[in-house]
Structures are given as structure tokens and as C-alpha cells.
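Enquirer: This is the content of model-v1.pdb (PDB, C-alpha atoms):
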```pdb
ATOM      1  CA  MET L 493      12.024  19.041  26.565
ATOM      2  CA  ARG L 494      12.525  18.331  22.865
ATOM      3  CA  ALA L 495      13.262  14.675  22.087
ATOM      4  CA  TRP L 496      16.733  15.267  20.615
ATOM      5  CA  ALA L 497      17.729  17.347  23.637
ATOM      6  CA  LEU L 498      16.471  14.647  25.988
ATOM      7  CA  LEU L 499      18.554  11.967  24.312
ATOM      8  CA  SER L 500      21.569  14.271  24.312
ATOM      9  CA  ALA L 501      21.250  14.679  28.078
ATOM     10  CA  VAL L 502      20.891  10.917  28.560
ATOM     11  CA  LEU L 503      24.000  10.198  26.484
ATOM     12  CA  TRP L 504      26.088  12.643  28.500
ATOM     13  CA  TYR L 505      24.779  11.056  31.684
ATOM     14  CA  LEU L 506      25.683   7.535  30.517
ATOM     15  CA  THR L 507      29.256   8.270  29.454
ATOM     16  CA  GLY L 508      30.682  11.362  31.353
ATOM     17  CA  VAL L 509      14.905  10.966  11.456
ATOM     18  CA  GLY L 510      -5.916   5.681  -3.167
ATOM     19  CA  CYS L 511      -8.857   5.208  -7.795
ATOM     20  CA  GLN L 512      -9.322   2.952 -10.677
ATOM     21  CA  ARG L 513      -6.609   1.512 -12.866
ATOM     22  CA  SER L 514      -6.846   0.233 -16.434
ATOM     23  CA  SER L 515      -4.718   0.583 -19.539
ATOM     24  CA  LEU L 516      -7.838   1.407 -21.578
ATOM     25  CA  LEU L 517      -9.151   4.219 -19.376
ATOM     26  CA  ASN L 518      -9.854   7.270 -21.533
ATOM     27  CA  LYS L 519      -9.999  10.945 -20.584
ATOM     28  CA  LYS L 520     -13.699  10.784 -19.632
ATOM     29  CA  GLY L 521     -13.199   7.840 -17.277
ATOM     30  CA  PHE L 522     -14.808   5.371 -19.691
ATOM     31  CA  ILE L 523     -13.331   1.949 -20.407
ATOM     32  CA  PHE L 524     -14.008   0.351 -23.774
ATOM     33  CA  GLY L 525     -14.069  -3.346 -24.513
ATOM     34  CA  LYS L 526     -11.522  -5.125 -26.666
ATOM     35  CA  ILE L 527     -12.569  -7.935 -28.997
ATOM     36  CA  GLY L 528     -10.935 -11.236 -28.094
ATOM     37  CA  HIS L 529      -9.126  -9.914 -25.006
ATOM     38  CA  PRO L 530     -10.607  -9.426 -21.516
ATOM     39  CA  VAL L 531      -9.833  -5.963 -20.172
ATOM     40  CA  LYS L 532      -8.459  -5.978 -16.621
ATOM     41  CA  ILE L 533      -9.789  -3.292 -14.304
ATOM     42  CA  TYR L 534      -8.858  -2.568 -10.689
ATOM     43  CA  VAL L 535     -11.357  -0.808  -8.439
ATOM     44  CA  LYS L 536     -10.464   0.411  -4.981
ATOM     45  CA  LEU L 537     -12.550  -1.116  -2.228
ATOM     46  CA  HIS L 538     -15.729   0.897  -1.462
ATOM     47  CA  GLN L 539     -15.241   3.113  -4.512
ATOM     48  CA  ASN L 540     -17.358   3.178  -7.686
ATOM     49  CA  SER L 541     -16.059   1.372 -10.734
ATOM     50  CA  PRO L 542     -15.238   3.297 -13.894
ATOM     51  CA  VAL L 543     -17.927   3.319 -16.584
ATOM     52  CA  LEU L 544     -17.656   0.232 -18.806
ATOM     53  CA  ILE L 545     -18.658   0.663 -22.442
ATOM     54  CA  CYS L 546     -20.210  -2.288 -24.268
ATOM     55  CA  MET L 547     -18.280  -1.446 -27.444
ATOM     56  CA  ASP L 548     -14.736  -1.260 -28.643
ATOM     57  CA  LEU L 549     -13.355   2.165 -29.461
ATOM     58  CA  ASN L 550     -13.701   1.697 -33.232
ATOM     59  CA  ARG L 551     -17.352   0.666 -32.957
ATOM     60  CA  ALA L 552     -18.049   3.610 -30.634
ATOM     61  CA  ASN L 553     -16.820   5.976 -33.345
ATOM     62  CA  THR L 554     -19.080   4.354 -35.961
ATOM     63  CA  GLU L 555     -22.835   4.577 -36.501
ATOM     64  CA  THR L 556     -24.598   1.666 -34.809
ATOM     65  CA  VAL L 557     -28.168   0.696 -35.826
ATOM     66  CA  ASP L 558     -30.659  -0.766 -33.326
ATOM     67  CA  PRO L 559     -28.089  -1.632 -30.650
ATOM     68  CA  THR L 560     -29.084  -3.803 -27.705
ATOM     69  CA  TYR L 561     -26.920  -4.765 -24.749
ATOM     70  CA  LEU L 562     -26.875  -7.762 -22.439
ATOM     71  CA  TRP L 563     -24.618  -7.621 -19.381
ATOM     72  CA  ILE L 564     -23.650 -10.811 -17.536
ATOM     73  CA  GLY L 565     -21.867 -10.578 -14.193
ATOM     74  CA  PRO L 566     -19.883 -13.002 -12.017
ATOM     75  CA  LYS L 567     -21.397 -16.471 -11.675
ATOM     76  CA  GLU L 568     -23.168 -15.976 -15.037
ATOM     77  CA  LYS L 569     -25.792 -13.728 -13.458
ATOM     78  CA  THR L 570     -27.736 -11.427 -15.799
ATOM     79  CA  LEU L 571     -27.303  -7.861 -14.600
ATOM     80  CA  THR L 572     -30.068  -5.291 -14.370
ATOM     81  CA  ASP L 573     -30.160  -1.720 -13.148
ATOM     82  CA  ASN L 574     -30.473  -1.587  -9.329
ATOM     83  CA  SER L 575     -29.051   0.157  -6.261
ATOM     84  CA  ARG L 576     -25.652  -1.485  -6.781
ATOM     85  CA  ILE L 577     -25.476  -1.745 -10.579
ATOM     86  CA  SER L 578     -26.103   1.132 -12.960
ATOM     87  CA  ILE L 579     -26.847   0.227 -16.590
ATOM     88  CA  THR L 580     -27.882   2.911 -19.056
ATOM     89  CA  GLU L 581     -29.943   2.513 -22.217
ATOM     90  CA  THR L 582     -26.737   2.957 -24.199
ATOM     91  CA  GLY L 583     -25.118  -0.026 -22.515
ATOM     92  CA  LYS L 584     -22.856   1.767 -20.045
ATOM     93  CA  LEU L 585     -22.294  -0.117 -16.768
ATOM     94  CA  MET L 586     -20.993   1.101 -13.413
ATOM     95  CA  VAL L 587     -20.781  -0.756 -10.089
ATOM     96  CA  ARG L 588     -21.247   1.304  -6.928
ATOM     97  CA  ASP L 589     -19.413   0.747  -3.615
ATOM     98  CA  PHE L 590     -17.256  -2.059  -4.981
ATOM     99  CA  LEU L 591     -16.640  -5.005  -2.624
ATOM    100  CA  GLU L 592     -14.595  -8.221  -2.798
ATOM    101  CA  PRO L 593     -17.482 -10.534  -3.895
ATOM    102  CA  LEU L 594     -18.231  -8.225  -6.836
ATOM    103  CA  SER L 595     -14.876  -9.137  -8.383
ATOM    104  CA  GLY L 596     -14.873 -11.391 -11.401
ATOM    105  CA  LEU L 597     -15.788 -11.596 -15.078
ATOM    106  CA  TYR L 598     -18.257  -9.076 -16.497
ATOM    107  CA  SER L 599     -19.271  -9.654 -20.112
ATOM    108  CA  CYS L 600     -21.501  -7.734 -22.459
ATOM    109  CA  THR L 601     -23.034  -8.861 -25.733
ATOM    110  CA  LEU L 602     -23.684  -6.067 -28.186
ATOM    111  CA  SER L 603     -26.262  -6.810 -30.886
ATOM    112  CA  TYR L 604     -26.794  -4.394 -33.775
ATOM    113  CA  LYS L 605     -27.885  -4.382 -37.407
ATOM    114  CA  THR L 606     -26.218  -3.599 -40.669
ATOM    115  CA  VAL L 607     -28.535  -2.419 -43.451
ATOM    116  CA  LYS L 608     -27.656  -2.556 -47.145
ATOM    117  CA  ALA L 609     -28.610   0.758 -48.720
ATOM    118  CA  GLU L 610     -29.729  -0.765 -52.073
ATOM    119  CA  THR L 611     -31.916  -3.603 -50.782
ATOM    120  CA  GLN L 612     -32.577  -2.584 -47.168
ATOM    121  CA  GLU L 613     -31.511  -6.112 -46.248
ATOM    122  CA  GLU L 614     -30.805  -6.348 -42.525
ATOM    123  CA  THR L 615     -28.150  -8.477 -40.892
ATOM    124  CA  THR L 616     -27.795  -8.879 -37.132
ATOM    125  CA  VAL L 617     -24.263  -8.716 -35.785
ATOM    126  CA  LYS L 618     -23.227  -9.738 -32.282
ATOM    127  CA  ARG L 619     -20.027  -8.870 -30.483
ATOM    128  CA  ARG L 620     -18.954  -9.943 -27.005
ATOM    129  CA  TYR L 621     -16.729  -7.909 -24.720
ATOM    130  CA  GLU L 622     -15.203  -9.120 -21.459
ATOM    131  CA  PHE L 623     -13.967  -7.170 -18.451
ATOM    132  CA  MET L 624     -12.143  -8.739 -15.500
ATOM    133  CA  ILE L 625     -12.740  -6.515 -12.475
ATOM    134  CA  PHE L 626     -10.734  -6.901  -9.277
ATOM    135  CA  ALA L 627     -11.209  -5.164  -5.944
ATOM    136  CA  TYR L 628      -8.017  -3.794  -4.454
ATOM    137  CA  ARG L 629      -6.865  -1.799  -1.473
ATOM    138  CA  GLU L 630      -3.689   0.079  -0.698
ATOM    139  CA  PRO L 631      -1.022  -1.863   1.219
ATOM    140  CA  ASP L 632      -0.413  -1.106   4.876
ATOM    141  CA  TYR L 633       2.925   0.616   5.311
ATOM    142  CA  SER L 634       5.504   0.023   7.997
ATOM    143  CA  TYR L 635       9.147   1.084   8.046
ATOM    144  CA  GLN L 636      12.228  -0.952   8.884
ATOM    145  CA  MET L 637      14.859   1.369  10.316
ATOM    146  CA  ALA L 638      18.491   1.043  11.353
ATOM    147  CA  VAL L 639      20.895   3.401  13.129
ATOM    148  CA  ARG L 640      24.317   3.186  14.715
ATOM    149  CA  PHE L 641      25.728   4.633  17.920
ATOM    150  CA  THR L 642      29.305   4.688  19.129
ATOM    151  CA  THR L 643      30.015   3.196  22.531
ATOM    152  CA  LYS L 644      33.009   2.821  24.823
ATOM    153  CA  SER L 645      32.774  -0.940  25.030
ATOM    154  CA  CYS L 646      30.648  -3.865  23.907
ATOM    155  CA  VAL L 647      30.520  -4.930  27.546
ATOM    156  CA  GLY L 648      28.529  -3.173  30.229
ATOM    157  CA  ARG L 649      25.048  -2.048  31.171
ATOM    158  CA  TYR L 650      25.201   1.343  29.421
ATOM    159  CA  ASN L 651      24.552  -0.195  26.014
ATOM    160  CA  ASP L 652      21.319  -1.795  27.159
ATOM    161  CA  LEU L 653      20.287   1.381  28.975
ATOM    162  CA  LEU L 654      20.836   3.484  25.834
ATOM    163  CA  PHE L 655      18.809   1.002  23.810
ATOM    164  CA  ARG L 656      15.853   1.147  26.214
ATOM    165  CA  VAL L 657      15.950   4.946  26.514
ATOM    166  CA  LEU L 658      16.096   5.379  22.740
ATOM    167  CA  ARG L 659      13.095   3.129  22.235
ATOM    168  CA  LYS L 660      11.083   5.028  24.845
ATOM    169  CA  ILE L 661      11.980   8.385  23.277
ATOM    170  CA  LEU L 662      10.964   7.210  19.801
ATOM    171  CA  ASP L 663       7.703   5.726  21.080
ATOM    172  CA  ASN L 664       6.852   9.015  22.808
ATOM    173  CA  LEU L 665       7.760  10.935  19.676
ATOM    174  CA  ILE L 666       5.112   9.159  17.582
ATOM    175  CA  SER L 667       2.546   8.063  20.163
ATOM    176  CA  ASP L 668       0.004  10.752  19.196
ATOM    177  CA  LEU L 669      -0.013   9.240  15.676
ATOM    178  CA  LEU L 670      -0.915   5.847  17.198
ATOM    179  CA  CYS L 671       2.331   4.441  15.794
ATOM    180  CA  HIS L 672       4.935   2.538  17.793
ATOM    181  CA  VAL L 673       8.324   0.820  17.683
ATOM    182  CA  VAL L 674       8.226  -2.970  17.342
ATOM    183  CA  GLU L 675      10.830  -5.725  17.096
ATOM    184  CA  PRO L 676      13.752  -3.591  18.311
ATOM    185  CA  SER L 677      17.172  -5.203  18.588
ATOM    186  CA  TYR L 678      20.820  -4.238  18.796
ATOM    187  CA  LYS L 679      24.229  -5.812  18.504
ATOM    188  CA  CYS L 680      27.667  -4.433  19.289
ATOM    189  CA  HIS L 681      30.421  -4.688  16.675
ATOM    190  CA  PHE L 682      34.078  -3.710  16.322
ATOM    191  CA  VAL L 683      34.508  -1.303  13.411
ATOM    192  CA  LYS L 684      37.779  -0.346  11.735
ATOM    193  CA  ILE L 685      37.561   3.027  10.009
ATOM    194  CA  PRO L 686      40.421   4.223   7.775
ATOM    195  CA  GLU L 687      42.886   6.437   9.663
ATOM    196  CA  HIS L 688      41.137   5.695  12.958
ATOM    197  CA  SER L 689      41.636   3.165  15.681
ATOM    198  CA  LEU L 690      39.236   0.300  16.291
ATOM    199  CA  LEU L 691      35.806   1.592  17.339
ATOM    200  CA  HIS L 692      32.896  -0.024  19.135
ATOM    201  CA  GLU L 693      29.480   0.634  17.622
ATOM    202  CA  LEU L 694      25.935  -0.429  18.430
ATOM    203  CA  PHE L 695      23.968  -1.512  15.360
ATOM    204  CA  ILE L 696      20.333  -0.833  16.294
ATOM    205  CA  ALA L 697      17.381  -2.039  14.215
ATOM    206  CA  PHE L 698      13.655  -1.604  14.710
ATOM    207  CA  ARG L 699      10.377  -1.434  12.818
ATOM    208  CA  VAL L 700       7.744   1.282  13.090
ATOM    209  CA  ASP L 701       4.120   0.447  12.329
ATOM    210  CA  PRO L 702       0.807   2.343  12.670
ATOM    211  CA  PHE L 703      -0.961  -0.230  14.834
ATOM    212  CA  ALA L 704      -0.228   0.881  18.383
ATOM    213  CA  PRO L 705      -2.915  -0.044  20.942
ATOM    214  CA  GLY L 706      -6.066   1.901  20.154
ATOM    215  CA  TRP L 707      -5.125   2.554  16.510
ATOM    216  CA  LYS L 708      -8.681   1.914  15.293
ATOM    217  CA  SER L 709      -9.830   5.084  17.045
ATOM    218  CA  ALA L 710      -7.983   7.029  14.335
ATOM    219  CA  CYS L 711     -10.232   5.585  11.658
ATOM    220  CA  ASN L 712     -13.263   7.673  12.622
ATOM    221  CA  ASP L 713     -15.553   5.030  11.094
ATOM    222  CA  SER L 714     -13.718   5.355   7.770
ATOM    223  CA  VAL L 715     -14.063   2.310   5.526
ATOM    224  CA  ASP L 716     -10.616   2.986   4.047
ATOM    225  CA  CYS L 717      -8.665   3.127   7.269
ATOM    226  CA  GLU L 718      -5.384   2.241   5.556
ATOM    227  CA  ASP L 719      -5.448   5.717   4.020
ATOM    228  CA  ILE L 720      -5.396   7.153   7.545
ATOM    229  CA  THR L 721      -2.865   4.723   9.032
ATOM    230  CA  ASN L 722      -0.544   5.160   6.044
ATOM    231  CA  ARG L 723      -0.723   8.927   6.431
ATOM    232  CA  ASN L 724       0.146   8.567  10.114
ATOM    233  CA  ILE L 725       3.093   6.249   9.506
ATOM    234  CA  LEU L 726       4.508   8.665   6.920
ATOM    235  CA  LYS L 727       4.394  11.412   9.537
ATOM    236  CA  ALA L 728       6.052   9.080  12.047
ATOM    237  CA  ARG L 729       8.823   8.272   9.573
ATOM    238  CA  ASP L 730       9.464  11.963   8.974
ATOM    239  CA  ARG L 731       9.579  12.733  12.711
ATOM    240  CA  ILE L 732      12.079   9.954  13.400
ATOM    241  CA  GLU L 733      14.239  10.995  10.467
ATOM    242  CA  GLU L 734      14.254  14.591  11.712
ATOM    243  CA  PHE L 735      15.068  13.363  15.221
ATOM    244  CA  PHE L 736      18.253  11.644  14.079
ATOM    245  CA  ARG L 737      19.144  14.551  11.811
ATOM    246  CA  SER L 738      18.928  16.768  14.897
ATOM    247  CA  GLN L 739      21.163  14.342  16.761
ATOM    248  CA  ALA L 740      23.872  14.716  14.140
ATOM    249  CA  TYR L 741      23.591  18.503  14.126
ATOM    250  CA  THR L 742      23.673  18.710  17.912
ATOM    251  CA  PHE L 743      26.744  16.556  18.379
ATOM    252  CA  TYR L 744      28.773  17.931  15.497
ATOM    253  CA  HIS L 745      27.885  21.630  15.566
ATOM    254  CA  ARG L 746      26.799  22.620  19.052
ATOM    255  CA  LEU L 747      29.347  20.929  21.261
ATOM    256  CA  ASN L 748      32.579  22.628  20.160
ATOM    257  CA  ASN L 749      33.721  19.435  18.449
ATOM    258  CA  THR L 750      33.498  17.472  21.697
ATOM    259  CA  VAL L 751      31.009  14.662  21.820
ATOM    260  CA  PRO L 752      30.048  12.038  24.380
ATOM    261  CA  ALA L 753      31.584   8.602  23.987
ATOM    262  CA  MET L 754      28.122   7.272  23.111
ATOM    263  CA  HIS L 755      26.614   9.217  20.242
ATOM    264  CA  PHE L 756      24.700   8.845  17.002
ATOM    265  CA  VAL L 757      26.856   8.014  13.985
ATOM    266  CA  ASP L 758      26.181  10.622  11.315
ATOM    267  CA  HIS L 759      24.607   9.291   8.082
ATOM    268  CA  SER L 760      23.944   5.896   9.653
ATOM    269  CA  PHE L 761      20.142   6.256   9.611
ATOM    270  CA  GLN L 762      18.567   3.909   7.066
ATOM    271  CA  VAL L 763      14.897   3.335   6.314
ATOM    272  CA  VAL L 764      13.057   0.890   4.050
ATOM    273  CA  ARG L 765       9.299   0.736   3.530
ATOM    274  CA  MET L 766       7.684  -2.647   4.152
ATOM    275  CA  ASP L 767       4.251  -3.392   2.672
ATOM    276  CA  SER L 768       1.658  -5.829   3.959
ATOM    277  CA  CYS L 769      -1.832  -6.706   2.751
ATOM    278  CA  ARG L 770      -5.008  -7.265   4.747
ATOM    279  CA  PRO L 771      -6.430 -10.820   4.905
ATOM    280  CA  GLY L 772      -8.056 -11.802   1.612
ATOM    281  CA  PHE L 773      -5.710  -9.599  -0.428
ATOM    282  CA  GLY L 774      -2.215  -9.946  -1.846
ATOM    283  CA  LYS L 775       0.294  -8.676  -4.400
ATOM    284  CA  ASP L 776       1.119 -10.441  -7.669
ATOM    285  CA  GLU L 777       3.207  -8.418 -10.127
ATOM    286  CA  GLY L 778       2.924 -11.118 -12.779
ATOM    287  CA  LEU L 779      -0.871 -11.470 -12.718
ATOM    288  CA  HIS L 780      -1.635  -7.826 -11.918
ATOM    289  CA  SER L 781       1.095  -5.867 -13.672
ATOM    290  CA  ASN L 782      -1.205  -2.854 -14.134
ATOM    291  CA  CYS L 783      -1.656  -2.691 -10.360
ATOM    292  CA  ALA L 784       1.667  -4.112  -9.179
ATOM    293  CA  SER L 785       1.803  -1.985  -6.019
ATOM    294  CA  CYS L 786      -1.796  -2.827  -5.051
ATOM    295  CA  CYS L 787      -3.105  -5.405  -2.635
ATOM    296  CA  VAL L 788      -5.512  -7.147  -5.026
ATOM    297  CA  VAL L 789      -8.320  -9.433  -3.875
ATOM    298  CA  CYS L 790      -7.293 -13.111  -3.836
ATOM    299  CA  SER L 791      -8.877 -14.980  -6.747
ATOM    300  CA  PRO L 792     -10.760 -18.289  -6.366
ATOM    301  CA  GLY L 793      -8.254 -21.038  -5.668
ATOM    302  CA  ASN L 794      -6.239 -18.731  -3.422
ATOM    303  CA  PHE L 795      -6.490 -17.255   0.059
ATOM    304  CA  SER L 796      -4.645 -15.006   2.476
ATOM    305  CA  PRO L 797      -5.258 -15.605   6.196
ATOM    306  CA  ASP L 798      -3.083 -12.851   7.666
ATOM    307  CA  VAL L 799      -1.138  -9.718   6.794
ATOM    308  CA  ASP L 800       1.197 -11.471   4.382
ATOM    309  CA  VAL L 801       1.938  -9.777   1.071
ATOM    310  CA  THR L 802       0.902 -12.641  -1.226
ATOM    311  CA  CYS L 803      -2.086 -14.960  -1.681
ATOM    312  CA  GLN L 804      -1.529 -18.687  -1.105
ATOM    313  CA  ILE L 805      -2.879 -21.563  -3.198
ATOM    314  CA  CYS L 806      -5.978 -23.334  -1.882
ATOM    315  CA  ALA L 807      -7.880 -25.505  -4.363
ATOM    316  CA  SER L 808     -11.033 -25.610  -2.211
ATOM    317  CA  THR L 809     -11.715 -21.856  -2.171
ATOM    318  CA  GLN L 810     -14.318 -20.785  -4.720
ATOM    319  CA  VAL L 811     -14.740 -17.111  -3.816
ATOM    320  CA  TYR L 812     -12.842 -13.871  -4.194
ATOM    321  CA  GLY L 813     -11.184 -12.580  -1.047
ATOM    322  CA  ALA L 814     -10.932 -15.873   0.853
ATOM    323  CA  LYS L 815      -9.307 -15.502   4.277
ATOM    324  CA  SER L 816      -9.113 -19.206   5.089
ATOM    325  CA  CYS L 817      -8.622 -22.511   3.289
ATOM    326  CA  PRO L 818     -11.392 -25.048   4.017
ATOM    327  CA  GLU L 819     -10.137 -28.586   4.408
TER     328      GLU L 819
END
```
Translate this structure into C-alpha cells?
Expert:
Amino acid sequence: MRAWALLSAVLWYLTGVGCQRSSLLNKKGFIFGKIGHPVKIYVKLHQNSPVLICMDLNRANTETVDPTYLWIGPKEKTLTDNSRISITETGKLMVRDFLEPLSGLYSCTLSYKTVKAETQEETTVKRRYEFMIFAYREPDYSYQMAVRFTTKSCVGRYNDLLFRVLRKILDNLISDLLCHVVEPSYKCHFVKIPEHSLLHELFIAFRVDPFAPGWKSACNDSVDCEDITNRNILKARDRIEEFFRSQAYTFYHRLNNTVPAMHFVDHSFQVVRMDSCRPGFGKDEGLHSNCASCCVVCSPGNFSPDVDVTCQICASTQVYGAKSCPE
């Protein structure tokens, strides 16, 4: 039996609805340096970084004589070409399979010569470019939802029975997506509607998240499981929205204008997306305005122990992505 039809029967019985980000990313996916200003770059966890160019855009469009490049990574470590780091002879750098500890300051010193045509006098010029690279991941989505149902009275067992039946129906509706209803609650209120007598209505609220028991089985060994769980929760949201839309259609179009005393209040369905970040990550629109919707790795001096949406201050943490605060 379809879910909306099942609830309709119950109501009658009771009472007679992932990439890289940088403002200097060009069409080829290259990011140029900027003299005097570190360039912020955001790389999705387990993805490759964009290609960093050890030049500013003006220098790249000018002839450069005898250029040499020296790349320094986080913790002042000199970088060389290896399985994780790719550095070309023209000074281009890319980091493969980006992880939290790879976040930090990357700097490159470009050395080149200028040669006077008349005297062949050579002068060595050095320029330093800085790139701040941060790992990020997409937030985990959940949805806070609210609906209203009419009822005969705020007193009696039918209200609680409706609440429990509705939760079970919604859980069954999205169980194959490994999503479930959490933190459900309801309260009965008296409502005065213009040109109507006083009505009793149940204000029902609940949250839907993609972490039902066994949710990790949906990941299929994927390292970016939030992509899968977020896709599932979007499907769950759409199913629940369609469910309540069907409720409204059923009660107002199929029942010859007669409806049970307990029924869904048309247009009462409301939904708001709630974001959370995995431990070690958080949002900061001020610090990371170019990636404001991202869960960005917590910087040294900060940590995030749970699924909160922000990193907390901790002076004793010295690493990126700290999940605890040592005493």
C-alpha cells in the first residue's frame, strides 16, 4: 500500500513531502601567485590540487631568462618531485590525494636574470610567491521539518497514536536510503483562523538525517562518503515532501470535500537544511569567504571534536585537522 494511502486509512480509523576553489583559478586550472599577498586555495579531501604556478600572471606573459624555482612546503620543508608532490622543470606544482596534514603555507622563490642588451650585464632577480592551501570537505546535510495536523482535541490518546504512526510511515518511506527520522516531537495548540471557529492543531517537528543504523554500507569503500549520504538525504527530502503533497491532494480532491477530523494542514510542510562538519573540520565565513559553504580543515590553534559546524579555539593544537584539545 502506498504510504499516503496508508496514512489516510489510519486517520479515518482514528477519528470516524564536490573541486578546487580559488579566486585566481584560470581557464586551464592553473593558479598564479600574487606578489605580497598569499593566495588562498581550497582542495577537496582526497582530490588533486590545482596546478600552482611559481609566477604572477604578468611575469608569465613576459620572457624570463634562466628561471629557477624553489618550493617550500608546510613546516618549512623543501619540496621535491615524488609520489605525492609533482614539480615540473617550469616550476609548476601539484599535490596528489590531498589530506588534512598537507594543508598550510606553500611558498615558491623564483630566480631569474635580466640582461642589458648593450653591455650583457646580468642581474639576478628573486620573487617569492605564497599559497595557503586548505583541505575541505562538503558538509553533511540533514533536514529539519515541520508539519501540522488538525485534531478533535488536545486531550486523548489519538494524538499520540497519530504521531507514532506518522513517524513509522516516514521511517519506512526512506529506510532503503539508510535515512531516518530523529528527534521527533509534537505539541497541540489552539488556532484561531479568520472566519472559522477555534481549531485544535498538532504542530509536529522532526529531523531527517542520513545516518540510520548501517549507513556506512552505502559508502561502498568510497573515501568521500558525504557525497553519497548527501545524495541519499536529498532523495529522502523529496520523498517526504511528495508524501505530504499527496496527503493534501487526497484529502482535498478525492474525498468529495469531506475530510477526517485529523488531517494534514495544506501548505504547512516546512523544511530547512541543517549542515554539520566532520571532526577536524568547520565553517568560517570570515576566514574562508571563498569557500563559505565548505567544511574547511581546522587550522593550528583550533579543533573540532564532533559534528559541530565550527572549529573551537585550543592554543595547544599545532596541527591541521585537530579533533581534540590536549591539556
Enquirer: Determine the residue set returned by the PyMOL selection byres ((chain L and resi 700-704) around 10) for the present structure, and present it as a VMD selection string.
Expert: chain L and resid 632 to 637 662 to 663 666 to 676 698 to 699 705 to 708 718 720 to 726 728 to 729 732 765 to 766
Enquirer: Tell me, in Å to one decimal, how far atom CA of Leu537 of chain L is from atom CA of Gly596 of chain L.
Expert: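 These atoms are spaced 14.0 Å apart.
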Enquirer: Give me the residues of segment 586-643 of chain L that have any atom at most 7 Å from an atom of segment 558-570 of chain L; for each, the nearest atom pair and the distance in Å, rounded to one decimal. Use only C-alpha atoms, sort by chain and number, and format it as CSV.
Expert:
```
residue,atom,partner,partner_atom,distance
L:Gly596,CA,L:Pro566,CA,5.3
L:Leu597,CA,L:Pro566,CA,5.3
L:Tyr598,CA,L:Gly565,CA,4.5
L:Ser599,CA,L:Ile564,CA,5.2
L:Cys600,CA,L:Trp563,CA,4.4
L:Thr601,CA,L:Leu562,CA,5.2
L:Leu602,CA,L:Tyr561,CA,4.9
L:Ser603,CA,L:Thr560,CA,5.2
L:Tyr604,CA,L:Pro559,CA,4.4
L:Lys605,CA,L:Asp558,CA,6.1
```
Enquirer: For Val647 of chain L, find every residue with an atom within 12 Å (counting all atoms listed in the file), except residues of its own chain fewer than 3 positions away, and show them as a PDB file with C-alpha atoms, in the coordinates of the input.
Expert:
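That gives us selection-v6.pdb:
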```pdb
ATOM      1  CA  THR L 643      30.015   3.196  22.531  1.00  0.00           C
ATOM      2  CA  LYS L 644      33.009   2.821  24.823  1.00  0.00           C
ATOM      3  CA  TYR L 650      25.201   1.343  29.421  1.00  0.00           C
ATOM      4  CA  ASN L 651      24.552  -0.195  26.014  1.00  0.00           C
ATOM      5  CA  ASP L 652      21.319  -1.795  27.159  1.00  0.00           C
ATOM      6  CA  LYS L 679      24.229  -5.812  18.504  1.00  0.00           C
ATOM      7  CA  CYS L 680      27.667  -4.433  19.289  1.00  0.00           C
ATOM      8  CA  HIS L 681      30.421  -4.688  16.675  1.00  0.00           C
ATOM      9  CA  PHE L 682      34.078  -3.710  16.322  1.00  0.00           C
ATOM     10  CA  HIS L 692      32.896  -0.024  19.135  1.00  0.00           C
ATOM     11  CA  GLU L 693      29.480   0.634  17.622  1.00  0.00           C
ATOM     12  CA  LEU L 694      25.935  -0.429  18.430  1.00  0.00           C
TER      13      LEU L 694
END
```
Enquirer: Give me the box for segment 561-575 of chain L as AutoDock Vina command-line options, namely the centre and edge lengths in Å to one decimal of a box along x, y and z that holds every listed atom plus 8 Å on each side.
Expert:
```
--center_x -25.2 --center_y -8.2 --center_z -15.5 --size_x 26.6 --size_y 32.6 --size_z 34.5
```
Enquirer: Enumerate, as a list of chain:residue names, the residues matched when the PyMOL selection byres ((chain L and resi 758) around 12) is run on the file above.
Expert: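 Applying the PyMOL selection byres ((chain L and resi 758) around 12) to the structure shown produces L:Val509, L:Val639, L:Arg640, L:Phe641, L:Thr642, L:Glu733, L:Phe736, L:Arg737, L:Ser738, L:Gln739, L:Ala740, L:Tyr741, L:Thr742, L:Phe743, L:Tyr744, L:His745, L:His755, L:Phe756, L:Val757, L:His759, L:Ser760, L:Phe761, L:Gln762.
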Enquirer: Given the file above and the PyMOL selection byres ((chain L and resi 715) around 12), which residues are selected, and can you give them as a list in words?
Expert: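 Those residues are Lys536, Leu537, His538, Gln539, Asp589, Phe590, Leu591, Arg629, Lys708, Ala710, Cys711, Asn712, Asp713, Ser714, Asp716, Cys717, Glu718, Asp719, Ile720 and Thr721 of chain L.
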